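Novice: A single structure is presented below for examination.
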Amino acid sequence: MLDINFIRQNLAEVKKSTAEKGYKTDIDAVLKMDDERKEIQKKVEALRTERNSIAAQMKGGKPAPELIEKGKSIKQELSTLESELSEKESLVNNALKTIPNVIFDDVPLGGEECSVEVKKWGKNKEKGTDHLDLATSRDWVDFERGAKVAGAKFYYLKNELALLENALLQFGMKKVLEHGFSYMTTPDLVSSRVLEGTGFAPRSSEQSDEYFIEGEDLALIATAEMAITGYHMDEIIDEAKLPLLYAGYSACFRKEAGAYGKYTRGLFRVHQFNKLEMYIFCLPEQSKEMHEKILGIEEEIWQELGIPYHVINIAAGDLGAPAAKKYDLEYWSPVNQKYQELTSCSNCTDFQARSVNVRVRRKDGKVEFVHTLNGTAISLARAMVAVLENYGTEDGKLKVPEALKPYLGNRDEL
RNA sequence: GGAAGAUUGGCCGAGUGGUUGAAGGCGCACGACUCGAAAUCGUGUAAGGGCUUUACGCUCUUCAGAGGUUCGAAUCCUCUAUCUUCCGCCA
């Protein structure tokens, strides 16, 4: 969430970002609500001051009946005002959550189609292998039994494909470790505070894409980003310890309601997949550099795997609430003859940090919110699609990319 | 799942109704000593909000969370969460 005072001081900018991101929030109404809150707060504080001074006068011990009477009447008056105040506070707070993060100047305006290609790598292939046909013919994936056991879009990975998944993970893990990330596995469920603090829609929202546990304040994570965002919740971190680089490996669960169609065939869009996610807590002045660092690692991974891709700077209308800027890395699908999303990385500035209250203590003692960034190191289901499409052979086999051979017994082919 | 105990500032840890926003220690910052450093000594050091005379100002809130008792709560009561130990269960 944004800081109410930041909104007041940067009203035009906040309004512009909110509109560009496609949010309908009436910012002026929120400010007016907050003004009302302040008025009540002033009254409450005046009463409390009086109460405190009466209590202080009685410290000696002598019970003065008039004072006690006065105290009693203040107590009465306070209780109604205080409940009014807390009501107003939660209204303001909920409204604040509906205002998205401000975008950076270099974010293209407009909808999805306005995203800008910033880099391109590799030579796009003209012909590829359908990943699902290949995997099915080799008994590498079983969607039918996945559906029988858990429903549509659940699957079993088998044999060489399951081994390929493991190889991709090992490869990705090696990369992030080389770049100084510390590896962790995370809880696969988080509380609503963490979910909403990360910027995801609450249980009550129609847009929510998460699986919620009935009767518990828990949801299955859609990405390890959620679990890691909560990792330092309510903490104040020493400046010297930043940046903190985490690579979290977890299962990811998404409802993906209504997201079926030609381009979501097979493993491309599923309800459950595994992912290694990079996450950084850093100083505000470091976050832009860290964003480029994460993007660089993502590019390095796909270059070494030999998969052609391009990088796009996501337009405002396609950005989520927490992101100030986001890059997507899309690989060239030789099957669909188009670019398809493979990874993405976002700079969330202090938006998430404010919501989950993660701060830094500067050398001079000042405390402020950190910046957070997240990026996909390797999302296994999609990574497998990209590899199969690019490395499938004419005779129904899979050529092993050089970078993965060490993790597949140095085999040339699967 | 059952029982007992615990939860205090960046960290550790005193504190059972009224100079406690909170002793002491660690850490950190600054200063002294030093050629420099270590050690030592001294001083300072919670966060968040509001107001204005923007001042080393005034004020409010916060001792896990929520509610209650009281003129007054870190301290008493209730519920919830988490942690520890014991029992049960178990990969």
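By order in the structure tokens, chains are A, B, ...; within a chain, residues start at 1; ligands start at 1, following the order shown.
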Where in range 14-219 of chain A does DSSP assign helix (DSSP H, G or I), given as number ranges by chain?
Specialist: A: 14-20, 27-57, 65-96, 112-114, 131-137, 143-150, 159-178, 192-198
Novice: Each residue of chain B lying at most 9 Å from chain A should get a row with its shortest atom-to-atom pair and the distance in Å to one decimal, counting only C-alpha atoms (C1' of nucleotides); could you produce that, ordered by chain and increasing number, as a tab-separated table?
Specialist:
residue	atom	partner	partner_atom	distance
B:G10	C1'	A:Ile236	CA	6.8
B:G18	C1'	A:Lys59	CA	4.4
B:U19	C1'	A:Lys59	CA	8.8
B:C28	C1'	A:Lys363	CA	8.1
B:A29	C1'	A:Asp364	CA	6.9
B:U45	C1'	A:Gly365	CA	8.1
B:A47	C1'	A:Val367	CA	8.9
B:G50	C1'	A:Lys42	CA	7.1
B:C51	C1'	A:Lys42	CA	8.9
B:U59	C1'	A:Thr49	CA	7.6
B:C60	C1'	A:Glu45	CA	5.5
B:C71	C1'	A:Ile68	CA	4.3
B:G72	C1'	A:Ala55	CA	5.1
Novice: In Å to one decimal, how far is CA of Cys348 in chain A from CA of Gly111 in chain A?
Specialist: 19.3 Å
Novice: Which neighbours of U20 in chain B fall inside 12 Å, counting only C-alpha atoms (C1' of nucleotides), when residues of the same chain fewer than 4 positions from it are skipped, and could you give them as a count of residues only?
Specialist: 7
Novice: What is the CA of Gly266 in chain A to CA of Gly122 in chain A distance in Å?
Specialist: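 Here the two named atoms are 24.9 Å from each other.
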Novice: Please identify the strand (DSSP E) residues within range 1-233 of chain A (assignment by DSSP from backbone atoms) and present them as JSON, numbers by chain.
Specialist: {"A": [116, 117, 118, 119, 120, 121, 141, 142, 156, 157, 182, 183, 184, 185, 189, 190, 191, 218, 219, 220]}
Novice: Keeping C-alpha atoms, export the residues of the selection given above as a tab-separated table (two decimals), in the first residue's frame.
Specialist:
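The resulting file, out-v1.tsv, is reproduced below:
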chain	number	residue	atom	x	y	z
A	116	VAL	CA	7.80	-2.24	-25.44
A	117	GLU	CA	10.41	-4.72	-26.58
A	118	VAL	CA	13.74	-3.72	-25.03
A	119	LYS	CA	15.97	-6.65	-25.95
A	120	LYS	CA	16.05	-9.60	-28.27
A	121	TRP	CA	18.33	-12.64	-28.21
A	141	VAL	CA	3.18	-36.70	-18.60
A	142	ASP	CA	-0.26	-37.93	-17.59
A	156	TYR	CA	1.70	-36.32	-13.24
A	157	LEU	CA	5.22	-35.81	-14.55
A	182	SER	CA	20.63	-17.86	-0.52
A	183	TYR	CA	18.45	-20.85	-1.24
A	184	MET	CA	15.33	-21.59	0.76
A	185	THR	CA	12.19	-23.62	0.59
A	189	LEU	CA	0.44	-21.75	2.57
A	190	VAL	CA	0.34	-18.21	3.92
A	191	SER	CA	-2.02	-16.17	6.09
A	218	LEU	CA	-4.79	-19.61	4.96
A	219	ALA	CA	-4.30	-19.74	1.21
A	220	LEU	CA	-2.12	-21.90	-1.02
Novice: So the first atom is C1' of G48 in chain B and the second is C1' of C77 in chain B; what is the distance between them in Å, to one decimal place?
Specialist: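 That distance, rounded to one decimal, is 28.8 Å.
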Novice: Rank A:Tyr331, A:Phe6, A:Phe171, A:Phe273 by their smallest atom-to-atom distance to Lys405 in chain A, using only C-alpha atoms, and report the top residue only.
Specialist: A:Phe171
Novice: Residues at most 6 Å from range 131-137 of chain A, counting only C-alpha atoms (C1' of nucleotides), excluding those fewer than 6 positions away in the same chain, as a PyMOL selection string?
Specialist: chain A and resi 266+385+388-389
Novice: Looking at only C-alpha atoms, which of A:Pro202, A:Pro284, A:Pro308, A:Gly128 is the one that sits closest to Asn336 in chain A?
Specialist: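 Between A:Pro202, A:Pro284, A:Pro308, A:Gly128, the residue approaching Asn336 in chain A most closely is A:Gly128.
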